[in-house]
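Shown next: upload.txt, containing compact mmCIF, C-alpha atoms.
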```txt
# COMPACT_ATOMS: atom_id res chain seq x y z
CA MET P 7 131.72 -63.31 108.85
CA ILE P 8 133.30 -60.28 107.17
CA GLU P 9 135.52 -57.98 109.17
CA SER P 10 135.90 -54.56 107.55
CA ASP P 11 139.13 -52.67 108.10
CA GLY P 12 138.30 -49.45 106.30
CA ALA P 13 137.94 -48.11 102.79
CA HIS P 14 141.40 -48.74 101.41
CA ARG P 15 141.06 -46.75 98.21
CA ASP P 16 139.71 -43.69 100.01
CA SER P 17 142.45 -43.63 102.62
CA ALA P 18 144.87 -40.73 102.79
CA ARG P 19 147.66 -43.29 103.03
CA SER P 20 149.79 -43.31 99.87
CA THR P 21 152.43 -46.01 100.37
CA GLY P 22 152.68 -49.58 101.59
CA ALA P 23 150.16 -52.33 102.21
CA GLU P 24 146.92 -51.41 103.96
CA ARG P 25 144.62 -54.05 105.41
CA ALA P 26 141.17 -53.76 103.86
CA THR P 27 139.07 -56.72 104.99
CA THR P 28 139.13 -60.21 106.51
CA VAL P 29 136.79 -63.10 105.77
CA GLN P 30 136.67 -66.83 106.49
CA LEU P 31 137.47 -68.80 103.34
CA SER P 32 136.67 -72.52 103.13
CA THR P 33 138.86 -74.34 100.56
CA GLU P 34 139.50 -77.93 99.53
CA HIS P 35 142.62 -77.79 101.71
CA GLY P 36 141.08 -76.29 104.83
CA VAL P 37 139.44 -73.19 106.29
CA PHE P 38 141.61 -70.08 106.13
CA ARG P 39 141.28 -66.44 107.05
CA ALA P 40 141.54 -64.49 103.81
CA VAL P 41 143.04 -61.09 104.59
CA GLY P 42 142.76 -58.57 101.79
CA TYR P 43 145.15 -55.66 101.31
CA TRP P 44 145.36 -52.62 99.12
CA ASP P 45 148.90 -52.23 97.76
CA HIS P 46 149.40 -48.48 97.50
CA ASN P 47 152.78 -48.78 95.80
CA ARG P 48 151.57 -50.94 92.90
CA ARG P 49 147.95 -49.72 93.02
CA ASP P 50 146.86 -53.34 93.21
CA GLU P 51 144.98 -55.73 95.48
CA GLN P 52 146.78 -58.44 97.45
CA ILE P 53 145.64 -61.37 99.59
CA ALA P 54 147.04 -63.49 102.41
CA LEU P 55 145.56 -66.84 103.44
CA VAL P 56 146.15 -67.38 107.15
CA TYR P 57 145.79 -70.72 108.95
CA GLY P 58 145.92 -70.94 112.72
CA ASP P 59 147.81 -68.58 115.02
CA ILE P 60 150.77 -67.21 113.06
CA GLU P 61 151.84 -64.34 115.29
CA GLY P 62 155.38 -64.57 116.59
CA ASP P 63 158.20 -66.71 115.26
CA ASP P 64 158.70 -69.39 112.62
CA ALA P 65 155.35 -69.31 110.82
CA LEU P 66 155.42 -71.65 107.82
CA THR P 67 155.13 -69.17 104.95
CA ARG P 68 154.70 -69.34 101.20
CA VAL P 69 155.14 -66.15 99.16
CA HIS P 70 153.52 -67.23 95.91
CA SER P 71 153.85 -65.27 92.68
CA GLU P 72 150.69 -64.94 90.64
CA CYS P 73 150.59 -67.35 87.66
CA LEU P 74 147.30 -67.39 85.79
CA THR P 75 148.33 -70.13 83.37
CA GLY P 76 149.61 -72.46 86.08
CA ASP P 77 147.44 -71.65 89.10
CA THR P 78 144.12 -71.32 87.27
CA PHE P 79 144.43 -73.17 83.97
CA GLY P 80 146.71 -75.98 85.20
CA SER P 81 149.45 -75.39 82.63
CA ASN P 82 152.15 -78.07 82.53
CA HIS P 83 154.69 -75.50 81.33
CA CYS P 84 155.58 -74.58 84.92
CA GLU P 85 155.13 -76.05 88.41
CA CYS P 86 153.26 -73.07 89.89
CA GLY P 87 149.85 -74.70 90.26
CA ASP P 88 151.36 -77.78 91.88
CA GLN P 89 153.37 -75.61 94.25
CA LEU P 90 150.33 -73.57 95.24
CA SER P 91 148.37 -76.68 96.20
CA ALA P 92 151.36 -78.28 97.92
CA ALA P 93 152.00 -75.14 99.96
CA LEU P 94 148.41 -74.92 101.18
CA ARG P 95 148.47 -78.61 102.14
CA ALA P 96 151.76 -78.14 104.00
CA ILE P 97 150.43 -75.13 105.92
CA VAL P 98 147.31 -77.01 107.00
CA GLY P 99 149.40 -80.04 107.90
CA GLU P 100 151.65 -77.82 110.03
CA GLY P 101 148.63 -76.42 111.86
CA ARG P 102 149.69 -72.79 111.35
CA GLY P 103 151.04 -70.72 108.51
CA VAL P 104 150.36 -68.16 105.84
CA LEU P 105 150.32 -68.01 102.06
CA ILE P 106 150.72 -64.58 100.49
CA TYR P 107 149.50 -64.54 96.90
CA LEU P 108 151.32 -61.72 95.12
CA ARG P 109 149.41 -60.03 92.32
CA GLY P 110 151.52 -58.35 89.66
CA HIS P 111 154.16 -61.09 89.66
CA GLU P 112 152.96 -62.80 86.47
CA GLY P 113 155.90 -64.13 84.45
CA ARG P 114 158.42 -63.17 87.16
CA GLY P 115 157.01 -59.67 87.02
CA ILE P 116 156.89 -59.01 83.26
CA GLY P 117 153.11 -59.39 82.91
CA LEU P 118 150.75 -61.86 81.29
CA LEU P 119 151.09 -60.88 77.62
CA ALA P 120 154.87 -60.65 77.82
CA LYS P 121 154.92 -64.05 79.53
CA LEU P 122 152.92 -65.57 76.69
CA ARG P 123 155.35 -64.06 74.17
CA ALA P 124 158.24 -65.49 76.19
CA MET P 125 156.55 -68.90 76.20
CA GLN P 126 156.35 -68.76 72.40
CA LEU P 127 160.08 -68.05 72.23
CA GLN P 128 160.68 -70.99 74.55
CA ALA P 129 158.66 -73.20 72.20
CA GLU P 130 161.05 -72.08 69.46
CA GLY P 131 164.11 -73.16 71.47
CA LEU P 132 165.08 -70.39 73.90
CA ASP P 133 165.12 -71.05 77.63
CA THR P 134 163.10 -68.95 80.08
CA VAL P 135 166.01 -66.59 80.78
CA GLU P 136 166.95 -66.14 77.12
CA ALA P 137 163.33 -65.50 76.17
CA ASN P 138 162.96 -62.57 78.58
CA ILE P 139 166.26 -61.08 77.40
CA ALA P 140 165.24 -61.47 73.75
CA LEU P 141 162.12 -59.43 74.51
CA GLY P 142 164.22 -56.72 76.14
CA LEU P 143 162.74 -57.50 79.54
CA PRO P 144 164.26 -58.23 82.97
CA VAL P 145 164.94 -61.86 83.80
CA ASP P 146 163.16 -61.30 87.14
CA ALA P 147 161.33 -58.04 87.86
CA ARG P 148 159.58 -59.10 91.07
CA ASN P 149 159.59 -57.01 94.22
CA TYR P 150 158.74 -58.49 97.62
CA GLN P 151 158.34 -55.35 99.72
CA VAL P 152 154.57 -55.70 99.97
CA ALA P 153 154.92 -59.32 101.13
CA ALA P 154 157.16 -58.18 103.97
CA GLU P 155 154.70 -55.41 104.87
CA ILE P 156 151.84 -57.91 105.00
CA LEU P 157 153.84 -60.23 107.24
CA HIS P 158 154.65 -57.35 109.57
CA ASP P 159 150.97 -56.39 109.66
CA LEU P 160 150.00 -59.97 110.52
CA GLY P 161 152.41 -59.96 113.46
CA VAL P 162 154.85 -62.46 111.96
CA ARG P 163 158.37 -61.90 113.33
CA SER P 164 160.14 -64.72 111.49
CA VAL P 165 159.26 -67.35 108.89
CA ARG P 166 160.08 -70.81 107.72
CA LEU P 167 159.97 -70.05 104.02
CA LEU P 168 158.42 -72.55 101.62
CA SER P 169 160.54 -71.89 98.56
CA ASN P 170 163.31 -73.27 96.35
CA ASN P 171 164.37 -69.77 95.31
CA PRO P 172 167.29 -68.24 97.27
CA ARG P 173 166.52 -64.79 95.84
CA LYS P 174 163.12 -64.84 97.53
CA ARG P 175 164.78 -65.50 100.88
CA GLU P 176 167.28 -62.69 100.29
CA ALA P 177 164.50 -60.29 99.33
CA LEU P 178 162.54 -60.94 102.53
CA LEU P 179 165.68 -60.49 104.59
CA GLN P 180 166.33 -57.15 102.87
CA HIS P 181 162.83 -56.03 103.83
CA GLY P 182 163.22 -56.95 107.49
CA ILE P 183 161.73 -60.43 107.66
CA LYS P 184 163.88 -63.00 109.47
CA VAL P 185 164.02 -66.36 107.66
CA THR P 186 164.89 -69.08 110.13
CA GLU P 187 164.64 -71.91 107.59
CA GLN P 188 164.13 -72.34 103.87
CA VAL P 189 161.82 -75.33 103.42
CA PRO P 190 161.98 -77.07 100.01
CA LEU P 191 158.78 -77.11 97.96
CA LEU P 192 159.53 -79.84 95.44
CA THR P 193 156.92 -81.07 92.98
CA GLU P 194 156.97 -83.97 90.56
CA PRO P 195 158.56 -82.79 87.28
CA ARG P 196 156.76 -83.38 84.01
CA GLU P 197 158.15 -83.90 80.55
CA GLU P 198 156.68 -80.51 79.54
CA ASN P 199 158.41 -78.53 82.30
CA LEU P 200 161.67 -80.39 82.80
CA VAL P 201 163.75 -78.02 80.64
CA TYR P 202 162.15 -75.05 82.39
CA LEU P 203 162.96 -76.49 85.82
CA ARG P 204 166.56 -77.25 84.83
CA THR P 205 166.96 -73.68 83.64
CA LYS P 206 165.64 -72.37 86.96
CA ARG P 207 168.17 -74.54 88.76
CA GLU P 208 171.18 -73.85 86.54
CA ARG P 209 170.62 -70.18 85.65
CA LEU P 210 168.50 -68.81 88.48
CA GLY P 211 169.97 -70.80 91.37
CA HIS P 212 166.81 -72.62 92.47
CA HIS P 213 167.39 -75.58 94.79
CA LEU P 214 165.93 -78.50 92.82
CA PRO P 215 167.98 -81.59 93.74
CA HIS P 216 165.16 -83.99 92.84
CA LEU P 217 165.77 -83.35 89.12
CA ASP P 218 168.82 -85.62 89.43
CA ASP P 219 166.90 -88.45 91.08
CA GLY P 220 167.23 -91.38 88.71
CA ALA P 221 166.40 -90.42 85.15
CA ASP P 222 164.98 -87.02 86.26
CA ARG P 223 161.68 -88.76 87.02
CA SER P 224 160.31 -87.30 83.78
```

What does this structure look like when you write it as structure tokens?
Amino acid sequence: MIESDGAHRDSARSTGAERATTVQLSTEHGVFRAVGYWDHNRRDEQIALVYGDIEGDDALTRVHSECLTGDTFGSNHCECGDQLSAALRAIVGEGRGVLIYLRGHEGRGIGLLAKLRAMQLQAEGLDTVEANIALGLPVDARNYQVAAEILHDLGVRSVRLLSNNPRKREALLQHGIKVTEQVPLLTEPREENLVYLRTKRERLGHHLPHLDDGADRS
């Protein structure tokens, strides 16, 4: 059943996230409500997958940055695809929660082609931070305002945030979303992404204690 919420592109509204439509979405993890939004600030489309009754406090929440190579193609270069699946499983297991999939966040916000160029530089020996800098690009260009707007629209007052990234927590707080707990989202490291994960921990402050478990479990 499709629930129409108006013609988002034709609206006189010029800023913020505007709900466009809602539809039931059956996935391998469970049945979600897929809520589509038009992002007036970025001129892009966004989606939230909602499971159960999330209105009120402490909804288990994943704010997931778009990653075509990891989420769709199953790249071993990063842990994004594994995190996406793990987050959806955790939300279903919790019985209530929401995953916001943020378009325009490819490569920590630098875009797909720039990310591929950065990956080539990483193959030549630079780490993920150095590669972005070498290209003259920000280390992290992501903005989470639209995620906060979507959460407000969904009636979520506070979240338990599925993330290892303290900057993501800080960004939501800055945009008026209370974070009552930061829930680790740890995935099994692979030989191909171990250097990348260590760089995220050591240079970007991600909480990844499992990399020191034994011989890094690589």

Might you pull out every residue within 12 Å of segment 127-132 of chain P, with all atoms listed in the file counted and same-chain residues fewer than 2 positions away left off, and present them as number ranges by chain? P: 83, 120-125, 134-141, 198-199, 201-202, 205

Would you compute the distance between atom CA of Arg196 of chain P and atom CA of Pro215 of chain P? Give it in Å to one decimal.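 Pair atom CA of Arg196 of chain P / atom CA of Pro215 of chain P returns 15.0 Å.
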
Residue among P:Thr33, P:Asn149, P:Ser164, P:Asn171 lying closest to Asp64 of chain P, counting only C-alpha atoms: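 For Asp64 of chain P, the nearest of the given residues is P:Ser164.
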
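For the atom pair formed by atom CA of Gly113 of chain P and atom CA of Ile183 of chain P, the distance is 24.2 Å, given to one decimal.
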
Computed interatomic separation between atom CA of Ile53 of chain P and atom CA of Gly36 of chain P (Å): 16.5 Å

Would you mind listing, for every residue of segment 63-166 of chain P within 12 Å of segment 191-195 of chain P, the two atoms forming the shortest contact and the distance between them in Å to one decimal, using only C-alpha atoms, sorted by chain and ascending residue number, as JSON lines?
```
{"residue": "P:Leu66", "atom": "CA", "partner": "P:Leu191", "partner_atom": "CA", "distance": 11.8}
{"residue": "P:Thr67", "atom": "CA", "partner": "P:Leu191", "partner_atom": "CA", "distance": 11.2}
{"residue": "P:Arg68", "atom": "CA", "partner": "P:Leu191", "partner_atom": "CA", "distance": 9.4}
{"residue": "P:Val69", "atom": "CA", "partner": "P:Leu191", "partner_atom": "CA", "distance": 11.6}
{"residue": "P:His70", "atom": "CA", "partner": "P:Leu191", "partner_atom": "CA", "distance": 11.4}
{"residue": "P:Asn82", "atom": "CA", "partner": "P:Pro195", "partner_atom": "CA", "distance": 9.3}
{"residue": "P:His83", "atom": "CA", "partner": "P:Pro195", "partner_atom": "CA", "distance": 10.2}
{"residue": "P:Cys84", "atom": "CA", "partner": "P:Pro195", "partner_atom": "CA", "distance": 9.0}
{"residue": "P:Glu85", "atom": "CA", "partner": "P:Thr193", "partner_atom": "CA", "distance": 7.0}
{"residue": "P:Cys86", "atom": "CA", "partner": "P:Thr193", "partner_atom": "CA", "distance": 9.3}
{"residue": "P:Gly87", "atom": "CA", "partner": "P:Thr193", "partner_atom": "CA", "distance": 9.9}
{"residue": "P:Asp88", "atom": "CA", "partner": "P:Thr193", "partner_atom": "CA", "distance": 6.6}
{"residue": "P:Gln89", "atom": "CA", "partner": "P:Thr193", "partner_atom": "CA", "distance": 6.6}
{"residue": "P:Leu90", "atom": "CA", "partner": "P:Leu191", "partner_atom": "CA", "distance": 9.6}
{"residue": "P:Ser91", "atom": "CA", "partner": "P:Thr193", "partner_atom": "CA", "distance": 10.1}
{"residue": "P:Ala92", "atom": "CA", "partner": "P:Leu191", "partner_atom": "CA", "distance": 7.5}
{"residue": "P:Ala93", "atom": "CA", "partner": "P:Leu191", "partner_atom": "CA", "distance": 7.3}
{"residue": "P:Leu94", "atom": "CA", "partner": "P:Leu191", "partner_atom": "CA", "distance": 11.1}
{"residue": "P:Arg95", "atom": "CA", "partner": "P:Leu191", "partner_atom": "CA", "distance": 11.2}
{"residue": "P:Ala96", "atom": "CA", "partner": "P:Leu191", "partner_atom": "CA", "distance": 9.3}
{"residue": "P:Ile97", "atom": "CA", "partner": "P:Leu191", "partner_atom": "CA", "distance": 11.7}
{"residue": "P:Arg166", "atom": "CA", "partner": "P:Leu191", "partner_atom": "CA", "distance": 11.7}
```

With C-alpha atoms retained, export the selected residues as a PDB file, in the coordinates of the input.
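Result file out15.pdb:
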```
ATOM      1  CA  LEU P  66     155.420 -71.650 107.820  1.00  0.00           C
ATOM      2  CA  THR P  67     155.130 -69.170 104.950  1.00  0.00           C
ATOM      3  CA  ARG P  68     154.700 -69.340 101.200  1.00  0.00           C
ATOM      4  CA  VAL P  69     155.140 -66.150  99.160  1.00  0.00           C
ATOM      5  CA  HIS P  70     153.520 -67.230  95.910  1.00  0.00           C
ATOM      6  CA  ASN P  82     152.150 -78.070  82.530  1.00  0.00           C
ATOM      7  CA  HIS P  83     154.690 -75.500  81.330  1.00  0.00           C
ATOM      8  CA  CYS P  84     155.580 -74.580  84.920  1.00  0.00           C
ATOM      9  CA  GLU P  85     155.130 -76.050  88.410  1.00  0.00           C
ATOM     10  CA  CYS P  86     153.260 -73.070  89.890  1.00  0.00           C
ATOM     11  CA  GLY P  87     149.850 -74.700  90.260  1.00  0.00           C
ATOM     12  CA  ASP P  88     151.360 -77.780  91.880  1.00  0.00           C
ATOM     13  CA  GLN P  89     153.370 -75.610  94.250  1.00  0.00           C
ATOM     14  CA  LEU P  90     150.330 -73.570  95.240  1.00  0.00           C
ATOM     15  CA  SER P  91     148.370 -76.680  96.200  1.00  0.00           C
ATOM     16  CA  ALA P  92     151.360 -78.280  97.920  1.00  0.00           C
ATOM     17  CA  ALA P  93     152.000 -75.140  99.960  1.00  0.00           C
ATOM     18  CA  LEU P  94     148.410 -74.920 101.180  1.00  0.00           C
ATOM     19  CA  ARG P  95     148.470 -78.610 102.140  1.00  0.00           C
ATOM     20  CA  ALA P  96     151.760 -78.140 104.000  1.00  0.00           C
ATOM     21  CA  ILE P  97     150.430 -75.130 105.920  1.00  0.00           C
ATOM     22  CA  ARG P 166     160.080 -70.810 107.720  1.00  0.00           C
TER      23      ARG P 166
END
```

Using all atoms listed in the file - which residues lie no farther than 12 Å from the point (151.6, -60.0, 115.3) in the file's frame? Write them as a PyMOL selection string. chain P and resi 59-63+65+155-164

Contact residues around segment 179-182 of chain P with only C-alpha atoms at 8 Å, ignoring same-chain residues under 3 positions, as a ChimeraX atom specification: /P:150-151,154,175-176,185

Give me the residues within 7 Å of Arg39 of chain P as an NGL selection string, counting all atoms listed in the file and dropping any in the same chain fewer than 6 places off. :P and (28-31 or 55-57)
